Amino acid sequence: MRLLVLASRDRRNRNFAGGDLTLTRVSEYLASRGAFVTYLCSGFPGGKKEEIINGVKVLRLGSLWSTSFWAWTFYLKNRQSFDAVLQEAIGGLRIPYLAALYVRRPFVAVWYQRNNLIFRFQFNKVAAEVLRFLEYGLAIAHRSKLVLCRTERLRLYVPGLDEEILKLSPEASLSEREDLVIWLGKIRKYKRTQDAILTMDRLVKTIPSSRLLIVGVPEDKKYLDYLRELRDRLDLKEVVGFKFGVSEEEKGQLMLRAKAVLVTSPIEGFANVVSEANSCGTPAVVTDGVPSDVVIQGLNGFRVRFGDLDAMVDACNLLLTDSLTFNKLSKASVECAKGRSWGRTAETFLSAIEDAVKIEPN
C-alpha cells in the first residue's frame, strides 16, 4: 500500500502535539508492516524539506498557514503515486487541508474532538465564530467520505502508550510519592493552565507541603509570561514550577513521584496524559471535558465540572492526604492503562483504510 498522510507536525518539530503523535505512530507502524508512507506536514526553522524517519518519508512543505496549499499542489502532481489518503481533518491550530474536496482516492479523515470550545478559549470572539463555522463546513464536506456518514464507516480509536512509559508500571506501587501535582501537556491558552495555578493557590493553604509542576512545551510566549506573572502575583514562586522539553523517561520519573495529574481544559479528544499518568500509578483530576470512559469517577481519578476550582482542590486534597484513597486509585489506574499499545491503535486505522479501499477503489 502507498499511503499519503496529511498531518500538522512531525516528531522533529518542537511543537509536536498529541494528534501529531497518533499519526506519526500509525505511520511508523504501517511502514514497519511494508507500506510506503509519505507523511506530509509543516516545516520548522532548521528542518530538512525531506527525510526518512523510522521508515517513513517525511515531507515538510511550508508553515502551518501555507501547508494546506502546498499539500493540494503536491497531491495534484503526485496523485497516481498513492493508493489512499489519511488526513487530519482539523487540528494543530492550522489552516485545514480540505482534502475531502479534491482527493479522488480512498480517503480516511481523523477527527480528535469537536473544536468549538477550543476556538472559544483560544481566540477572540470573531475568530472563534469563523472557525466554528469552518469546522461545520468541513463536517459537511466529509459526509461523502469515510468519516461523518453512515455508522458502519465510523471508527473509534484509542491512543497507545510509549514503551518508555509502560515499562514503569511495575514501579508504581514501590515509588516514594511526594505531595506533588503535575499539569502535563502543550501550554496553550485554551487548556486553561492558569486554573492549575489557581487550584494550587488554594491547596497550599491547607497542605503547605504541596507543589505544582507544569510540564510541557509552551507555544505562546505571551501566555507563558501571563502564567509566570500570575504565579508571582499569588506569591507561589516556591510552590509552582515550570519544566520544558522533558524526555519520555524523565516524564515517567516525574509521574512516579506525583500523587495527581491535572487536566484543566474544557475539551479533550482523549487526554492521553491521563493514560501516561495512570500507567505510572498516578490518578487524574480532570474536568468534564475529558471523555467519561478515560477517567471513571473514583476508579482512576476524579471528575469535576470545568472551571469548578473548589471541586478540583477537594479532589487533590483527598489524593494528597488520604493514603487509602490514593493507594486504591493508584492500583486501579495501572490496570486501566494496561493494553494501550500503538500497534492496536494502528490496526484500527489500518482497518478503516482497508475498508475505504473496498468502498472506493482506485
# chains A, B, ... in the order shown; residues from 1 in each chain; ligands from 1
>>> closest_atom_pairs(of="segment 203-252 of chain A", to="segment 161-181 of chain A", cutoff="10 Å", atoms="only C-alpha atoms", output="CSV")
residue,atom,partner,partner_atom,distance
A:Ile207,CA,A:Asp179,CA,8.4
A:Pro208,CA,A:Asp179,CA,9.3
A:Ser209,CA,A:Asp179,CA,6.3
A:Ser210,CA,A:Asp179,CA,4.7
A:Arg211,CA,A:Leu180,CA,4.9
A:Leu212,CA,A:Val181,CA,4.8
A:Leu213,CA,A:Val181,CA,6.4
A:Ile214,CA,A:Val181,CA,8.7
A:Val239,CA,A:Leu180,CA,9.8
A:Val240,CA,A:Val181,CA,9.6
A:Ser247,CA,A:Glu164,CA,9.7
A:Glu248,CA,A:Glu164,CA,6.3
A:Glu249,CA,A:Glu164,CA,6.0
A:Glu250,CA,A:Glu164,CA,9.7
A:Lys251,CA,A:Ile165,CA,8.3
A:Gly252,CA,A:Ile165,CA,5.8
>>> write_last_selection(atoms="C-alpha atoms", output="compact mmCIF listing (two decimals), in the first residue's frame")
# COMPACT_ATOMS: atom_id res chain seq x y z
CA ILE A 207 -1.36 21.40 52.58
CA PRO A 208 1.76 23.59 52.92
CA SER A 209 3.98 20.81 51.51
CA SER A 210 2.04 20.60 48.23
CA ARG A 211 3.71 21.62 44.99
CA LEU A 212 2.65 22.04 41.35
CA LEU A 213 4.91 21.30 38.41
CA ILE A 214 3.79 22.46 34.95
CA VAL A 239 5.23 26.33 45.09
CA VAL A 240 4.70 26.35 41.30
CA SER A 247 12.22 13.24 27.68
CA GLU A 248 9.75 10.35 27.94
CA GLU A 249 11.93 8.75 30.61
CA GLU A 250 12.11 11.96 32.67
CA LYS A 251 8.36 12.49 32.29
CA GLY A 252 7.76 8.99 33.62
>>> closest_atom_pairs(of="segment 337-360 of chain A", to="segment 260-281 of chain A", cutoff="10 Å", atoms="only C-alpha atoms", output="Markdown table")
| residue | atom | partner | partner_atom | distance |
| --- | --- | --- | --- | --- |
| A:Ala337 | CA | A:Ser279 | CA | 5.1 |
| A:Lys338 | CA | A:Ser279 | CA | 7.2 |
| A:Arg340 | CA | A:Ser275 | CA | 8.2 |
>>> closest_residue(among="A:Leu234, A:Val37, A:Ala258, A:Ala17", to="Leu319 of chain A", atoms="only C-alpha atoms")
A:Ala258
>>> atom_distance(atom1="atom CA of Ala35 of chain A", atom2="atom CA of Ser341 of chain A")
19.5 Å
>>> atom_distance(atom1="atom CA of Met200 of chain A", atom2="atom CA of Val290 of chain A")
20.5 Å
>>> atom_distance(atom1="atom CA of Thr287 of chain A", atom2="atom CA of Arg305 of chain A")
5.4 Å
>>> select_by_dssp(residues="segment 47-276 of chain A", states="strand (DSSP E)", output="VMD selection string")
chain A and resid 50 to 53 56 to 60 84 to 88 107 to 110 180 to 187 211 to 218 240 to 244 260 to 263
>>> write_last_selection(atoms="C-alpha atoms", output="PDB file, in the first residue's frame")
ATOM      1  CA  GLU A  50      12.604  15.827   3.163  1.00  0.00           C
ATOM      2  CA  GLU A  51      13.994  12.968   5.244  1.00  0.00           C
ATOM      3  CA  ILE A  52      13.305   9.371   6.214  1.00  0.00           C
ATOM      4  CA  ILE A  53      12.374   8.833   9.867  1.00  0.00           C
ATOM      5  CA  VAL A  56       8.512   6.982   6.877  1.00  0.00           C
ATOM      6  CA  LYS A  57       9.209   9.566   4.166  1.00  0.00           C
ATOM      7  CA  VAL A  58       8.613  12.950   5.822  1.00  0.00           C
ATOM      8  CA  LEU A  59       7.900  15.962   3.578  1.00  0.00           C
ATOM      9  CA  ARG A  60       7.867  19.401   5.202  1.00  0.00           C
ATOM     10  CA  ALA A  84      -5.095   6.014  -0.187  1.00  0.00           C
ATOM     11  CA  VAL A  85      -5.001   9.241   1.831  1.00  0.00           C
ATOM     12  CA  LEU A  86      -5.146   9.618   5.626  1.00  0.00           C
ATOM     13  CA  GLN A  87      -5.849  13.176   6.718  1.00  0.00           C
ATOM     14  CA  GLU A  88      -6.077  15.050   9.994  1.00  0.00           C
ATOM     15  CA  PHE A 107      -9.849   8.510   1.966  1.00  0.00           C
ATOM     16  CA  VAL A 108      -9.851   8.431   5.777  1.00  0.00           C
ATOM     17  CA  ALA A 109     -10.089  11.538   7.965  1.00  0.00           C
ATOM     18  CA  VAL A 110      -9.369  11.584  11.699  1.00  0.00           C
ATOM     19  CA  LEU A 180       3.310  16.801  44.049  1.00  0.00           C
ATOM     20  CA  VAL A 181       0.640  17.649  41.491  1.00  0.00           C
ATOM     21  CA  ILE A 182       1.596  17.707  37.811  1.00  0.00           C
ATOM     22  CA  TRP A 183      -0.016  19.585  34.943  1.00  0.00           C
ATOM     23  CA  LEU A 184       1.224  17.999  31.717  1.00  0.00           C
ATOM     24  CA  GLY A 185       0.718  18.949  28.078  1.00  0.00           C
ATOM     25  CA  LYS A 186       1.032  21.666  25.437  1.00  0.00           C
ATOM     26  CA  ILE A 187       0.840  25.013  27.209  1.00  0.00           C
ATOM     27  CA  ARG A 211       3.715  21.620  44.994  1.00  0.00           C
ATOM     28  CA  LEU A 212       2.649  22.044  41.351  1.00  0.00           C
ATOM     29  CA  LEU A 213       4.911  21.304  38.407  1.00  0.00           C
ATOM     30  CA  ILE A 214       3.791  22.462  34.953  1.00  0.00           C
ATOM     31  CA  VAL A 215       5.473  20.199  32.397  1.00  0.00           C
ATOM     32  CA  GLY A 216       5.229  20.661  28.662  1.00  0.00           C
ATOM     33  CA  VAL A 217       6.045  22.791  25.641  1.00  0.00           C
ATOM     34  CA  PRO A 218       4.946  26.447  25.557  1.00  0.00           C
ATOM     35  CA  VAL A 240       4.699  26.354  41.301  1.00  0.00           C
ATOM     36  CA  GLY A 241       7.480  25.394  38.895  1.00  0.00           C
ATOM     37  CA  PHE A 242       7.840  25.018  35.129  1.00  0.00           C
ATOM     38  CA  LYS A 243       9.771  22.323  33.277  1.00  0.00           C
ATOM     39  CA  PHE A 244      10.037  22.239  29.485  1.00  0.00           C
ATOM     40  CA  ALA A 260      -2.112  13.543  40.991  1.00  0.00           C
ATOM     41  CA  VAL A 261      -2.104  14.795  37.413  1.00  0.00           C
ATOM     42  CA  LEU A 262      -4.399  17.702  36.496  1.00  0.00           C
ATOM     43  CA  VAL A 263      -6.299  18.234  33.256  1.00  0.00           C
TER      44      VAL A 263
END
>>> closest_residue(among="A:Tyr112, A:Gly307, A:Asn15, A:Ile95", to="Tyr157 of chain A", atoms="only C-alpha atoms")
A:Tyr112
>>> closest_residue(among="A:Ala31, A:Leu236, A:Cys41, A:Leu299", to="Arg12 of chain A", atoms="only C-alpha atoms")
A:Cys41
>>> select_by_dssp(residues="segment 182-289 of chain A", states="alpha helix (DSSP H)", output="ChimeraX atom specification")
/A:193-206,221-233,248-257,272-279
>>> residues_around(residues="Ser63 of chain A", least_positions_apart="4", cutoff="7 Å", atoms="only C-alpha atoms", output="ChimeraX atom specification")
/A:42-43,67
>>> closest_residue(among="A:Trp111, A:Gly343, A:Tyr190, A:Val246", to="Arg155 of chain A", atoms="only C-alpha atoms")
A:Trp111
>>> closest_residue(among="A:Lys191, A:Arg2, A:Lys259, A:Arg9", to="Leu329 of chain A", atoms="only C-alpha atoms")
A:Lys259
>>> decode(residues="segment 26-66 of chain A", atoms="N, CA and C atoms", output="short mmCIF file (atom, residue, chain, number, x, y, z; two decimals), in the first residue's frame")
data_model
loop_
_atom_site.label_atom_id
_atom_site.label_comp_id
_atom_site.auth_asym_id
_atom_site.auth_seq_id
_atom_site.Cartn_x
_atom_site.Cartn_y
_atom_site.Cartn_z
N VAL A 26 1.11 5.78 13.95
CA VAL A 26 0.38 4.95 12.98
C VAL A 26 1.19 4.81 11.70
N SER A 27 1.76 5.91 11.23
CA SER A 27 2.57 5.90 10.01
C SER A 27 3.78 4.98 10.16
N GLU A 28 4.45 5.07 11.29
CA GLU A 28 5.64 4.24 11.51
C GLU A 28 5.28 2.77 11.62
N TYR A 29 4.15 2.48 12.25
CA TYR A 29 3.71 1.09 12.36
C TYR A 29 3.40 0.52 10.98
N LEU A 30 2.65 1.28 10.17
CA LEU A 30 2.28 0.80 8.84
C LEU A 30 3.52 0.63 7.97
N ALA A 31 4.49 1.53 8.11
CA ALA A 31 5.74 1.40 7.36
C ALA A 31 6.48 0.13 7.76
N SER A 32 6.44 -0.20 9.05
CA SER A 32 7.11 -1.43 9.51
C SER A 32 6.42 -2.68 8.99
N ARG A 33 5.15 -2.53 8.58
CA ARG A 33 4.38 -3.65 8.01
C ARG A 33 4.50 -3.71 6.49
N GLY A 34 5.34 -2.85 5.91
CA GLY A 34 5.58 -2.93 4.48
C GLY A 34 4.92 -1.86 3.64
N ALA A 35 4.15 -0.96 4.26
CA ALA A 35 3.52 0.12 3.50
C ALA A 35 4.54 1.19 3.14
N PHE A 36 4.33 1.86 2.03
CA PHE A 36 5.15 3.01 1.64
C PHE A 36 4.39 4.27 2.07
N VAL A 37 4.88 4.90 3.13
CA VAL A 37 4.14 6.00 3.75
C VAL A 37 4.87 7.32 3.51
N THR A 38 4.14 8.30 2.97
CA THR A 38 4.64 9.66 2.83
C THR A 38 3.86 10.53 3.82
N TYR A 39 4.59 11.15 4.73
CA TYR A 39 3.99 11.94 5.82
C TYR A 39 4.24 13.41 5.51
N LEU A 40 3.18 14.10 5.05
CA LEU A 40 3.31 15.50 4.64
C LEU A 40 2.85 16.39 5.79
N CYS A 41 3.69 17.37 6.15
CA CYS A 41 3.37 18.23 7.29
C CYS A 41 4.04 19.59 7.12
N SER A 42 3.89 20.45 8.11
CA SER A 42 4.52 21.77 8.06
C SER A 42 6.00 21.67 8.41
N GLY A 43 6.75 22.67 7.97
CA GLY A 43 8.17 22.72 8.29
C GLY A 43 8.44 23.52 9.54
N PHE A 44 9.71 23.65 9.88
CA PHE A 44 10.12 24.45 11.04
C PHE A 44 11.55 24.92 10.80
N PRO A 45 11.98 25.99 11.45
CA PRO A 45 13.33 26.52 11.23
C PRO A 45 14.41 25.46 11.45
N GLY A 46 15.27 25.28 10.45
CA GLY A 46 16.35 24.30 10.56
C GLY A 46 15.98 22.90 10.12
N GLY A 47 14.71 22.66 9.83
CA GLY A 47 14.29 21.32 9.43
C GLY A 47 14.50 21.07 7.95
N LYS A 48 14.90 19.85 7.60
CA LYS A 48 15.08 19.49 6.21
C LYS A 48 13.71 19.42 5.51
N LYS A 49 13.72 19.68 4.23
CA LYS A 49 12.47 19.60 3.47
C LYS A 49 12.01 18.16 3.35
N GLU A 50 12.95 17.24 3.32
CA GLU A 50 12.60 15.83 3.16
C GLU A 50 13.60 14.97 3.90
N GLU A 51 13.11 13.96 4.61
CA GLU A 51 13.99 12.97 5.24
C GLU A 51 13.20 11.72 5.59
N ILE A 52 13.92 10.64 5.82
CA ILE A 52 13.30 9.37 6.21
C ILE A 52 13.46 9.22 7.73
N ILE A 53 12.35 9.02 8.42
CA ILE A 53 12.37 8.83 9.87
C ILE A 53 11.63 7.55 10.20
N ASN A 54 12.34 6.60 10.76
CA ASN A 54 11.73 5.31 11.15
C ASN A 54 10.94 4.67 10.01
N GLY A 55 11.51 4.74 8.81
CA GLY A 55 10.90 4.10 7.65
C GLY A 55 9.84 4.92 6.95
N VAL A 56 9.54 6.12 7.46
CA VAL A 56 8.51 6.98 6.88
C VAL A 56 9.17 8.15 6.15
N LYS A 57 8.72 8.41 4.92
CA LYS A 57 9.21 9.57 4.17
C LYS A 57 8.47 10.81 4.65
N VAL A 58 9.21 11.73 5.28
CA VAL A 58 8.61 12.95 5.82
C VAL A 58 8.88 14.11 4.86
N LEU A 59 7.80 14.78 4.43
CA LEU A 59 7.90 15.96 3.58
C LEU A 59 7.41 17.16 4.37
N ARG A 60 8.25 18.18 4.49
CA ARG A 60 7.87 19.40 5.20
C ARG A 60 7.68 20.51 4.18
N LEU A 61 6.42 20.92 4.02
CA LEU A 61 6.09 21.91 2.99
C LEU A 61 5.44 23.12 3.63
N GLY A 62 6.14 24.24 3.64
CA GLY A 62 5.58 25.49 4.13
C GLY A 62 5.42 25.52 5.64
N SER A 63 4.60 26.47 6.09
CA SER A 63 4.31 26.66 7.51
C SER A 63 2.91 26.12 7.81
N LEU A 64 2.48 26.23 9.09
CA LEU A 64 1.13 25.82 9.43
C LEU A 64 0.09 26.57 8.62
N TRP A 65 0.45 27.77 8.15
CA TRP A 65 -0.50 28.60 7.43
C TRP A 65 -0.49 28.34 5.92
N SER A 66 0.56 27.71 5.41
CA SER A 66 0.64 27.50 3.96
C SER A 66 0.69 26.04 3.54
#
